[in-house]
Structure formats: C-alpha cells, structure tokens
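Text of input07.cif (mmCIF, C-alpha atoms) as supplied:
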```cif
data_target
#
loop_
_atom_site.label_atom_id
_atom_site.label_comp_id
_atom_site.auth_asym_id
_atom_site.auth_seq_id
_atom_site.Cartn_x
_atom_site.Cartn_y
_atom_site.Cartn_z
CA MET A 252 0.00 0.00 0.00
CA ALA A 253 2.60 2.54 1.04
CA GLU A 254 5.31 0.53 -0.72
CA ALA A 255 5.27 2.80 -3.75
CA SER A 256 6.36 5.75 -1.64
CA GLN A 257 8.91 3.87 0.45
CA THR A 258 11.50 3.97 -2.32
CA LEU A 259 11.51 7.76 -2.08
CA THR A 260 12.43 7.92 1.59
CA GLU A 261 15.70 7.05 3.26
CA ASN A 262 14.34 5.07 6.22
CA PRO A 263 10.76 4.05 5.47
CA PRO A 264 8.82 2.55 8.36
CA GLU A 265 8.42 -1.19 8.13
CA LYS A 266 4.89 -2.54 8.30
CA PRO A 267 3.79 -6.15 8.49
CA GLN A 268 3.05 -7.72 5.12
CA VAL A 269 -0.64 -8.58 5.20
CA VAL A 270 -3.30 -9.00 2.57
CA ASN A 271 -5.90 -6.26 2.31
CA PRO A 272 -9.18 -7.83 1.14
CA LEU A 273 -10.60 -4.37 0.40
CA ALA A 274 -8.04 -3.63 -2.29
CA LEU A 275 -8.81 -4.48 -5.88
CA LYS A 276 -6.96 -7.64 -6.89
CA ARG A 277 -3.88 -7.22 -9.04
CA PRO A 278 -0.97 -9.57 -9.86
CA VAL A 279 2.18 -9.53 -7.74
CA ALA A 280 5.53 -9.23 -9.50
CA ASP A 281 8.26 -11.79 -9.10
CA PRO A 282 12.02 -11.16 -9.56
CA LYS A 283 12.03 -13.82 -12.28
CA ASP A 284 9.58 -11.70 -14.28
CA TYR A 285 12.09 -8.88 -14.67
CA VAL A 286 13.53 -8.87 -18.18
CA VAL A 287 15.17 -6.07 -20.18
CA ARG A 288 14.01 -6.18 -23.78
CA VAL A 289 14.57 -4.00 -26.83
CA GLY A 290 11.29 -2.83 -28.35
CA ASN A 291 10.37 -2.14 -31.95
CA GLY A 292 10.45 1.64 -31.54
CA TRP A 293 13.17 4.23 -31.98
CA THR A 294 14.60 5.88 -28.88
CA ILE A 295 15.56 9.54 -29.24
CA GLY A 296 18.90 10.59 -27.75
CA ASP A 297 20.78 13.90 -27.72
CA GLY A 298 24.20 12.46 -26.89
CA THR A 299 24.06 13.19 -23.14
CA PHE A 300 24.36 9.49 -22.33
CA ASP A 301 26.25 6.91 -24.34
CA ARG A 302 24.17 4.18 -25.90
CA VAL A 303 24.56 0.73 -24.34
CA ARG A 304 26.68 -1.48 -26.54
CA GLU A 305 24.90 -4.57 -27.79
CA SER A 306 27.76 -6.71 -26.51
CA ARG A 307 26.97 -5.72 -22.93
CA LYS A 308 24.54 -8.51 -22.16
CA ALA A 309 25.93 -9.69 -18.86
CA LYS A 310 23.49 -9.63 -15.97
CA LYS A 311 25.76 -7.36 -13.95
CA ASP A 312 25.29 -4.63 -16.53
CA ILE A 313 21.49 -4.62 -16.27
CA PRO A 314 19.98 -2.13 -13.80
CA TYR A 315 17.95 -4.21 -11.36
CA PRO A 316 15.03 -2.71 -9.42
CA ARG A 317 14.65 -2.94 -5.65
CA PRO A 318 12.04 -4.06 -4.84
CA VAL A 319 10.64 -5.58 -8.00
CA GLU A 320 7.02 -5.07 -6.91
CA ASP A 321 7.49 -1.29 -6.66
CA ALA A 322 9.05 -1.22 -10.12
CA ARG A 323 6.25 -3.33 -11.56
CA GLN A 324 3.61 -1.03 -10.10
CA ALA A 325 5.35 2.13 -11.31
CA VAL A 326 5.91 0.76 -14.82
CA HIS A 327 2.30 -0.44 -14.96
CA ALA A 328 1.15 3.05 -13.96
CA LEU A 329 3.38 4.67 -16.57
CA SER A 330 2.24 2.31 -19.32
CA SER A 331 -1.48 2.50 -18.56
CA LEU A 332 -1.43 6.31 -18.42
CA GLN A 333 0.09 6.42 -21.92
CA LEU A 334 -2.41 4.11 -23.60
CA SER A 335 -4.96 6.78 -24.39
CA ALA A 336 -6.04 10.23 -23.27
CA GLU A 337 -9.21 8.67 -21.87
CA ALA A 338 -8.00 5.23 -20.78
CA PRO A 339 -9.45 4.38 -17.34
CA ILE A 340 -7.20 4.94 -14.33
CA THR A 341 -6.38 1.56 -12.79
CA PRO A 342 -6.31 1.00 -8.99
CA ALA A 343 -2.57 0.28 -9.04
CA THR A 344 -1.96 3.52 -10.94
CA LEU A 345 -4.01 5.66 -8.55
CA ASP A 346 -2.36 3.99 -5.57
CA CYS A 347 1.13 4.50 -7.02
CA VAL A 348 0.91 8.17 -7.96
CA SER A 349 -1.15 9.19 -4.91
CA HIS A 350 1.46 7.83 -2.51
CA ALA A 351 4.25 9.35 -4.58
CA LEU A 352 2.48 12.71 -4.21
CA TRP A 353 2.02 12.12 -0.47
CA SER A 354 5.70 11.23 -0.01
CA TYR A 355 6.77 14.67 -1.29
CA GLN A 356 4.64 16.57 1.26
CA PRO A 357 6.13 18.29 4.33
CA GLU A 358 6.65 16.05 7.33
CA VAL A 359 3.86 17.70 9.31
CA ILE A 360 1.42 16.84 6.50
CA ARG A 361 2.63 13.23 6.23
CA ARG A 362 2.09 12.86 9.99
CA SER A 363 -1.46 14.24 9.72
CA VAL A 364 -2.77 12.76 6.46
CA TRP A 365 -3.01 9.18 5.23
CA ILE A 366 -4.03 8.23 1.69
CA ALA A 367 -5.63 4.82 1.99
CA PRO A 368 -5.15 2.31 -0.85
CA PRO A 369 -8.00 2.23 -3.39
CA ALA A 370 -10.89 -0.05 -2.45
CA GLY A 371 -13.10 -2.14 -4.69
CA PRO A 372 -16.83 -1.73 -5.29
CA GLU A 373 -18.17 -4.43 -2.95
CA LEU A 374 -18.50 -2.31 0.20
CA TRP A 375 -20.29 0.50 -1.65
CA SER A 376 -22.49 -1.64 -3.87
CA ALA A 377 -26.28 -1.41 -3.88
CA ASP A 378 -26.25 -5.20 -3.50
CA GLU A 379 -26.28 -5.88 0.23
CA GLU A 380 -25.45 -9.54 -0.27
CA MET A 381 -22.23 -8.51 -2.04
CA ARG A 382 -21.40 -6.16 0.82
CA ASP A 383 -22.04 -8.84 3.47
CA GLU A 384 -19.94 -11.33 1.52
CA MET A 385 -16.99 -8.93 1.58
CA TYR A 386 -17.27 -8.47 5.35
CA ARG A 387 -17.43 -12.25 5.74
CA ARG A 388 -14.26 -12.60 3.68
CA MET A 389 -12.57 -9.96 5.82
CA ALA A 390 -13.40 -11.93 8.94
CA GLU A 391 -11.95 -15.11 7.41
CA GLU A 392 -8.67 -13.43 6.39
CA LYS A 393 -7.53 -13.42 10.06
CA LEU A 394 -6.16 -9.88 9.87
CA ALA A 395 -7.20 -8.90 13.43
CA PHE A 396 -4.80 -7.39 15.93
CA ASN A 397 -4.58 -9.53 19.04
CA GLU A 398 -4.73 -6.64 21.48
CA ARG A 399 -7.74 -4.84 19.99
CA GLY A 400 -9.39 -7.41 17.77
CA GLU A 401 -9.66 -5.11 14.73
CA TYR A 402 -8.54 -5.57 11.16
CA HIS A 403 -5.02 -4.50 10.31
CA PHE A 404 -6.28 -2.20 7.54
CA VAL A 405 -8.77 -0.54 9.91
CA GLY A 406 -5.94 0.02 12.36
CA GLU A 407 -3.98 1.86 9.65
CA LEU A 408 -6.95 4.15 9.07
CA LYS A 409 -6.69 5.27 12.71
CA GLU A 410 -3.01 6.24 12.62
CA GLN A 411 -3.56 9.77 11.24
CA PRO A 412 -6.35 12.29 11.93
CA ILE A 413 -7.14 12.94 8.24
CA VAL A 414 -7.80 10.09 5.81
CA LEU A 415 -8.31 10.36 2.05
CA TRP A 416 -9.70 7.15 0.57
CA PRO A 417 -10.32 6.61 -3.19
CA ILE A 418 -13.07 4.06 -3.78
CA TRP A 419 -14.28 2.41 -6.99
CA VAL A 420 -18.07 2.56 -7.35
CA GLU A 421 -20.15 0.53 -9.80
CA ASP A 422 -23.91 1.12 -10.12
CA ARG A 423 -26.57 2.03 -12.67
CA TRP A 424 -25.10 5.50 -13.12
CA GLY A 425 -21.67 4.29 -14.14
CA LYS A 426 -18.29 3.06 -12.94
CA ASP A 427 -16.36 5.86 -11.26
CA TRP A 428 -13.70 6.79 -8.77
CA VAL A 429 -15.11 8.60 -5.74
CA LEU A 430 -13.05 10.16 -2.94
CA ILE A 431 -13.97 9.78 0.72
CA ALA A 432 -12.34 12.18 3.21
CA TRP A 433 -12.73 12.26 6.97
CA TYR A 434 -11.25 13.94 10.01
CA ALA A 435 -11.01 12.13 13.35
CA GLN A 436 -9.78 12.84 16.86
CA LYS A 437 -8.49 10.66 19.68
CA SER A 438 -11.22 9.22 21.86
CA ASP A 439 -8.52 8.57 24.48
CA PRO A 440 -5.81 11.30 24.61
CA SER A 441 -3.31 8.83 26.03
CA ILE A 442 -3.52 6.51 23.01
CA GLU A 443 -2.31 7.41 19.50
CA ARG A 444 -5.49 6.28 17.78
CA TYR A 445 -7.75 8.65 15.87
CA ASP A 446 -10.97 6.70 16.14
CA SER A 447 -13.55 9.43 16.81
CA VAL A 448 -14.80 10.70 13.42
CA ARG A 449 -15.77 14.37 13.60
CA SER A 450 -16.60 15.08 9.95
CA TYR A 451 -16.52 13.39 6.57
CA SER A 452 -17.28 14.23 2.94
CA ILE A 453 -17.86 12.26 -0.25
CA TYR A 454 -16.49 13.80 -3.46
CA ASP A 455 -18.21 12.37 -6.55
CA PRO A 456 -17.57 13.95 -9.99
CA ARG A 457 -20.47 12.08 -11.67
CA ARG A 458 -23.68 14.03 -12.45
CA SER A 459 -27.10 12.89 -13.63
CA ALA A 460 -27.24 11.58 -17.21
CA ARG A 461 -30.21 13.80 -18.06
CA PRO A 462 -30.59 17.51 -17.32
CA ASN A 463 -33.26 18.94 -15.05
CA GLN A 464 -35.79 21.64 -15.97
CA ASP A 465 -33.07 24.30 -15.75
CA GLY A 466 -30.86 22.40 -18.19
CA GLU A 467 -28.35 21.30 -15.57
CA HIS A 468 -26.93 17.88 -14.72
CA VAL A 469 -27.21 17.58 -10.94
CA PRO A 470 -25.35 15.49 -8.31
CA LEU A 471 -26.42 11.88 -7.80
CA ILE A 472 -28.24 12.11 -4.48
CA GLN A 473 -29.22 8.45 -4.31
CA ARG A 474 -25.64 7.30 -4.91
CA GLY A 475 -24.32 9.75 -2.33
CA LEU A 476 -26.79 8.59 0.32
CA ARG A 477 -25.96 4.94 -0.35
CA ILE A 478 -22.21 5.52 -0.03
CA MET A 479 -22.87 7.51 3.15
CA ARG A 480 -24.81 4.61 4.67
CA ARG A 481 -22.15 2.12 3.61
CA LEU A 482 -19.37 4.30 5.06
CA GLU A 483 -21.13 4.73 8.41
CA TYR A 484 -21.64 0.96 8.54
CA PHE A 485 -17.90 0.53 7.87
CA PHE A 486 -17.19 2.92 10.76
CA GLN A 487 -19.48 0.86 12.97
CA VAL A 488 -17.80 -2.44 12.05
CA GLY A 489 -14.37 -0.83 12.51
CA ASN A 490 -15.22 0.42 16.03
CA PHE A 491 -15.05 4.08 15.07
CA LYS A 492 -16.99 6.52 17.26
CA MET A 493 -19.28 9.00 15.49
CA ASP A 494 -20.74 11.10 18.31
CA GLY A 495 -21.31 14.61 16.95
CA CYS A 496 -20.01 13.69 13.47
CA LYS A 497 -20.90 16.18 10.72
CA PRO A 498 -21.29 14.59 7.28
CA SER A 499 -21.31 16.91 4.29
CA THR A 500 -21.51 16.93 0.52
CA GLY A 501 -18.08 17.14 -1.06
CA TRP A 502 -18.29 19.66 -3.90
CA ILE A 503 -15.97 18.82 -6.76
CA SER A 504 -15.63 19.91 -10.38
CA PRO A 505 -18.06 17.67 -12.33
CA MET A 506 -17.32 15.72 -15.47
CA ALA A 507 -19.45 15.65 -18.63
CA PRO A 508 -22.00 12.80 -18.86
CA ASP A 509 -19.99 11.13 -21.66
CA GLU A 510 -16.60 11.65 -20.01
CA ILE A 511 -14.37 9.05 -18.36
CA SER A 512 -12.17 11.16 -16.12
CA SER A 513 -13.18 10.26 -12.56
CA GLY A 514 -9.70 8.85 -11.89
CA GLU A 515 -7.95 12.06 -12.89
CA ARG A 516 -10.49 14.11 -10.94
CA CYS A 517 -10.03 11.91 -7.88
CA PHE A 518 -6.27 12.48 -8.00
CA ALA A 519 -6.83 16.22 -8.52
CA ALA A 520 -9.11 16.24 -5.46
CA ILE A 521 -6.41 14.53 -3.37
CA LYS A 522 -3.87 17.11 -4.48
CA ASN A 523 -6.32 19.97 -3.84
CA LEU A 524 -7.08 18.75 -0.31
CA LEU A 525 -3.39 18.28 0.47
CA GLN A 526 -2.80 21.89 -0.58
CA ILE A 527 -5.70 23.15 1.56
CA ILE A 528 -4.38 21.24 4.57
CA THR A 529 -0.85 22.53 3.92
CA ASP A 530 -2.06 26.14 3.69
CA SER A 531 -3.93 25.67 6.98
CA ALA A 532 -0.77 24.35 8.62
CA ILE A 533 1.25 27.31 7.29
CA ALA A 534 -1.34 29.70 8.68
CA GLU A 535 -1.18 27.75 11.97
CA LYS A 536 -4.88 27.01 11.83
CA ASP A 537 -6.23 23.98 13.61
CA TRP A 538 -8.05 21.59 11.30
CA GLU A 539 -10.83 21.50 13.90
CA GLY A 540 -11.74 24.93 12.60
CA PHE A 541 -13.24 23.28 9.52
CA PRO A 542 -16.70 22.01 10.51
CA VAL A 543 -16.90 20.24 7.14
CA PHE A 544 -14.47 19.55 4.33
CA PRO A 545 -14.40 22.57 2.00
CA PRO A 546 -15.55 22.71 -1.63
CA LEU A 547 -12.69 22.02 -4.02
CA SER A 548 -11.46 23.93 -7.05
CA ARG A 549 -14.09 24.72 -9.66
CA TRP A 550 -11.59 24.02 -12.44
CA VAL A 551 -9.93 20.70 -13.31
CA TYR A 552 -8.38 19.80 -16.65
CA PRO A 553 -8.21 15.98 -16.63
CA TYR A 554 -5.70 15.80 -19.48
CA ALA A 555 -3.20 18.02 -17.65
CA THR A 556 -3.78 15.95 -14.51
CA ARG A 557 -3.01 12.77 -16.47
CA MET A 558 0.27 14.30 -17.64
CA GLU A 559 1.18 15.11 -14.05
CA MET A 560 0.35 11.56 -12.97
CA THR A 561 2.50 10.23 -15.82
CA GLY A 562 5.46 12.27 -14.64
CA LEU A 563 5.13 10.99 -11.07
CA ALA A 564 4.95 7.40 -12.28
CA ALA A 565 8.01 7.89 -14.49
CA TYR A 566 10.13 9.33 -11.68
CA LEU A 567 8.99 6.60 -9.33
CA ALA A 568 10.04 3.98 -11.91
CA VAL A 569 13.47 5.63 -12.09
CA ALA A 570 13.70 5.68 -8.28
CA THR A 571 13.01 1.94 -8.03
CA HIS A 572 16.17 1.37 -10.11
CA GLN A 573 18.24 3.31 -7.53
CA TRP A 574 18.26 6.16 -10.07
CA ASN A 575 20.28 4.03 -12.52
CA ALA A 576 17.72 4.83 -15.22
CA ARG A 577 16.42 7.79 -17.21
CA ILE A 578 13.13 8.70 -18.83
CA ALA A 579 13.33 8.16 -22.60
CA ILE A 580 11.16 9.07 -25.61
CA GLU A 581 10.32 6.12 -27.84
CA CYS A 582 8.90 6.85 -31.30
CA LEU A 583 6.27 4.39 -32.52
CA GLU A 584 4.92 3.55 -35.93
CA PRO A 585 1.58 5.39 -36.36
CA HIS A 586 -0.27 2.35 -37.68
CA LEU A 587 0.59 0.09 -34.73
CA GLY A 588 -2.33 -0.93 -32.51
CA TYR A 589 -2.27 -2.15 -28.92
CA GLN A 590 -4.89 -4.58 -27.65
CA VAL A 591 -6.07 -3.84 -24.11
CA VAL A 592 -8.92 -5.34 -22.10
CA VAL A 593 -11.08 -2.61 -20.52
CA ASP A 594 -14.14 -3.58 -18.45
CA GLY A 595 -14.02 -7.06 -19.94
CA GLU A 596 -14.01 -5.82 -23.52
CA LEU A 597 -11.10 -5.87 -25.96
CA ARG A 598 -10.11 -2.40 -27.15
CA ILE A 599 -7.39 -1.37 -29.60
CA PHE A 600 -5.43 1.83 -29.01
CA LYS A 601 -3.18 3.49 -31.58
CA PRO A 602 -0.30 5.81 -30.62
CA ASP A 603 -2.24 8.98 -31.48
CA ALA A 604 -4.93 7.99 -28.96
CA LEU A 605 -2.78 9.79 -26.40
CA ALA A 606 -3.62 13.16 -28.00
CA PRO A 607 -6.20 15.30 -26.14
CA THR A 608 -9.73 14.73 -27.40
CA ARG A 609 -11.51 17.53 -25.53
CA GLN A 610 -11.11 21.27 -25.31
CA ILE A 611 -9.76 22.91 -22.17
CA PRO A 612 -12.84 23.25 -19.95
CA ASP A 613 -14.21 26.47 -18.49
CA PHE A 614 -14.77 27.08 -14.79
CA THR A 615 -17.47 24.99 -13.15
CA GLN A 616 -20.68 26.78 -12.20
CA ALA A 617 -20.89 28.13 -8.65
CA ASN A 618 -23.39 25.40 -7.74
CA TYR A 619 -21.08 22.67 -9.10
CA PHE A 620 -23.78 21.46 -11.53
CA TYR A 621 -22.86 20.60 -15.11
CA PRO A 622 -24.61 22.68 -17.79
CA SER A 623 -26.43 20.72 -20.47
CA GLN A 624 -25.18 20.96 -24.04
CA GLU A 625 -28.60 20.05 -25.46
CA GLN A 626 -30.88 22.63 -27.03
CA GLU A 627 -33.95 21.36 -25.18
CA THR A 628 -34.22 19.93 -21.70
CA THR A 629 -35.78 16.56 -21.00
CA LYS A 630 -39.54 16.37 -20.54
CA ASP A 631 -40.90 15.52 -17.10
CA SER A 632 -42.15 12.11 -18.25
CA GLU A 633 -38.70 11.17 -19.54
CA MET A 634 -36.74 12.54 -16.62
CA ASP A 635 -34.35 10.36 -14.69
CA PRO A 636 -35.65 9.53 -11.16
CA GLU A 637 -32.41 10.95 -9.84
CA VAL A 638 -33.19 14.34 -11.38
CA GLU A 639 -36.72 14.35 -9.92
CA GLU A 640 -35.35 13.67 -6.44
CA ALA A 641 -32.72 16.41 -6.82
#
```
Whole structure given in structure tokens:
Amino acid sequence: MAEASQTLTENPPEKPQVVNPLALKRPVADPKDYVVRVGNGWTIGDGTFDRVRESRKAKKDIPYPRPVEDARQAVHALSSLQLSAEAPITPATLDCVSHALWSYQPEVIRRSVWIAPPAGPELWSADEEMRDEMYRRMAEEKLAFNERGEYHFVGELKEQPIVLWPIWVEDRWGKDWVLIAWYAQKSDPSIERYDSVRSYSIYDPRRSARPNQDGEHVPLIQRGLRIMRRLEYFFQVGNFKMDGCKPSTGWISPMAPDEISSGERCFAAIKNLLQIITDSAIAEKDWEGFPVFPPLSRWVYPYATRMEMTGLAAYLAVATHQWNARIAIECLEPHLGYQVVVDGELRIFKPDALAPTRQIPDFTQANYFYPSQEQETTKDSEMDPEVEEA
C-alpha cells in the first residue's frame, strides 16, 4: 500500500506484510519476471548518455530494481497512463501516484494525512449480499490485531487524523472513482489512535445523465446517500466513534456525462485537499476549525492531470532502479495498434490515442452542476428519477 512511496524515503517505516481484502486484486511481480528487452520503436537521444553497446549482455550490466514489486507497479502506472487520453485509471496507478504525491509533502502533513489504498466496489455496492460477503471474507482473512481485535487495515486508518480514501463505485449510473475524506480525533488522549470521526465528505464527480428543468446535470443524491450509509456501517464495524459527526456533501468539479475522467479528478481532489491542509498548517490554523471539508477547485483539466500523474509514475520507476535509469522518448509507428482489455471488452489503441480529445474546460458553475449541451431539456415524463429527487 505505502510501498510505492517507500523507495523515495531514506528510512521508510516497516509494516507487516498482510493481505488487504478491500483492495482491488492485481498480480504480484516476481524477480524472475524482470527482463530487459529491446522494443520495436526508436529511442531519441541527444548524446548526453552513451548508448549501451549490444555486446553488454551480462546480468551485472542490467539495472535491477529494488524491490521488484514497486518497479512493476510504477511501470504499470506509466504504461497505462500512456495508452490513451481517456484510458481508465487503474487501482494500481491511482495507488502508485497518490502515494508518490504524499511522499513529497512536508513532514507535518505526512504525519497528519493518510491516503488509503484504493478499495473495490463491494462495500459500496447497492447489492447488500455482495457487501455482506466482503465483510465475511474480511473476517476469514484473520487480519485482526490480538490486542484490539480489529482488522489491520482498519488500524492503519486510525493512525492519522485525516484520511483520504479513493473508492471504486459501480452502479446504474456508471463506474467511477469517488473520494472519501474524513477527520477524526483521539477518543482517548493517552492513546495514539484517531478513532472518533468528527466530519466526513464524499467527493463524486459524476452528475445525472439527463438535465433537469433548468438544463443542468445535478449530483447523484441516491448514490451519495448509499455511499454515506455504507461508510457509516464501515465505521461501525471498525469500532469508530461518530458522536457529533458532521457529514457533508463534497463539492468537486463535475465531469461531462460522456466523459471518463473520474480517476484524474479523484487524483486532482487529493492534491487539492493536500494543498488546503498545507495552507492551513502554514497559517497555523487547527483543522478542527473546519466544521466540514471545504468545496474544491471549480476548475480541473483531466488531461493536464493525467500528464502530471504520468510524470510521477516515471520518476517513481526511475527511483526503483536506484536512479540508474532515465526517462526516454520512444517513437512508434503510427499504424501500430495495442490490444487492451477494458471492463471485460477488448479495445485497440493506436499511438495517437494519447492526444487530447476535448477542449480545455471552463470554470465549473458556482453550484457545481454541469450545464447541459442540449438545445432542449428533457420532458418531465422522460426525466431520470435521480433528477426528480434532486
């Protein structure tokens, strides 16, 4: 979970290696999987570094990553971000770049904020049987601490007062990344455990598929209420205290109904919140002064955010090789296609799919709704139930 950021610190804290059943499943790299190959592209060089001679094939001449799993995750993030301008953000990618961003924050921020690893859709699903099955699996994983009888992952969530948790949500409105943020205090001042939740917010960039009478796509109230109920149930199972807790709507720049940019917007929200918390620390303001988490920036350009994420992944990949590597530009043949499975379907990306497909967006409206691009709004009889409730 925090392994991606450990390569960037001199003495990273060691944590027990346990399985987190909440994390989306992904393959684990093995040292035997590490192979240096020459691709079919052309690498551009300006003469700063000498090219490796083809005769240098001995194993001692090959930069070897430490650990391999960190390198695999960083390279996966770098590769997936370069597939297409609108390729979905994978859990490993969001985990990798978020913790890289966290690792570069001031020490006071790293002591106060924890970015939890991305969680799968089971806990937030509308299907209660799926949710109960996940909790049953958690109980069978034997991840409980002996002294407190709580899951190891839940214990990590109590180590810092502020937690930012990206979650993957799948329902009838779509498949999106949503950010949960909460602030907690110590229920017992003598114990370093922040288990008394004082406030929390849910930042969801998705808006209703159909506009309302005013021609605006509104927040998904039903989804927000469901996630809120699921989160409070998670707090209950995890022995969090919620006396006097103040939940609030997390206002975030919305995405267009046909847009797939929730991953970029989730990362932008994490960065925005880290900056707000940093500014509060500089001004020597206590976080308790925020009764709720504040609205975030009304402007996000997902394509620029993807470029920033790509840069973080690239530098992290270099770091996992003890800096015995450099970022290179590889030219590809325009007609080449790359087969990738997305949501169970085979898709083919060409190199120019990385080009931006949308114009730079304007500022979001003050109410954080998304304006409709249609000439006429939807009739009452055809309106989405979500819009009627809003």
Near-Arg481 in chain A list (9 Å; only C-alpha atoms; drop same-chain fewer than 4 positions) as a ChimeraX atom specification: /A:374-376,382,476-477,485-486
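Take CA of Tyr434 in chain A and CA of Tyr619 in chain A: the distance between them is 23.2 Å.
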Nearest residue to Leu605 in chain A from the set A:Ile503, A:Met558, A:Ile431, A:Ala617 (distances using all atoms listed in the file):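 Smallest separation from Leu605 in chain A among the options: A:Met558.
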Nearest residue to Glu410 in chain A from the set A:Ser363, A:Gln590, A:Ser441, A:Gln610 (distances using all atoms listed in the file): A:Ser363
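Straight-line separation from CA of Met560 in chain A to CA of Glu515 in chain A: 8.3 Å.
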Expansion of the PyMOL selection byres ((chain A and resi 589) around 10) into residues, as a ChimeraX atom specification: /A:334,587-588,590-591,598-602
Near-Trp419 in chain A list (6 Å; only C-alpha atoms; drop same-chain fewer than 5 positions) as a VMD selection string: chain A and resid 371 to 372 427 to 428
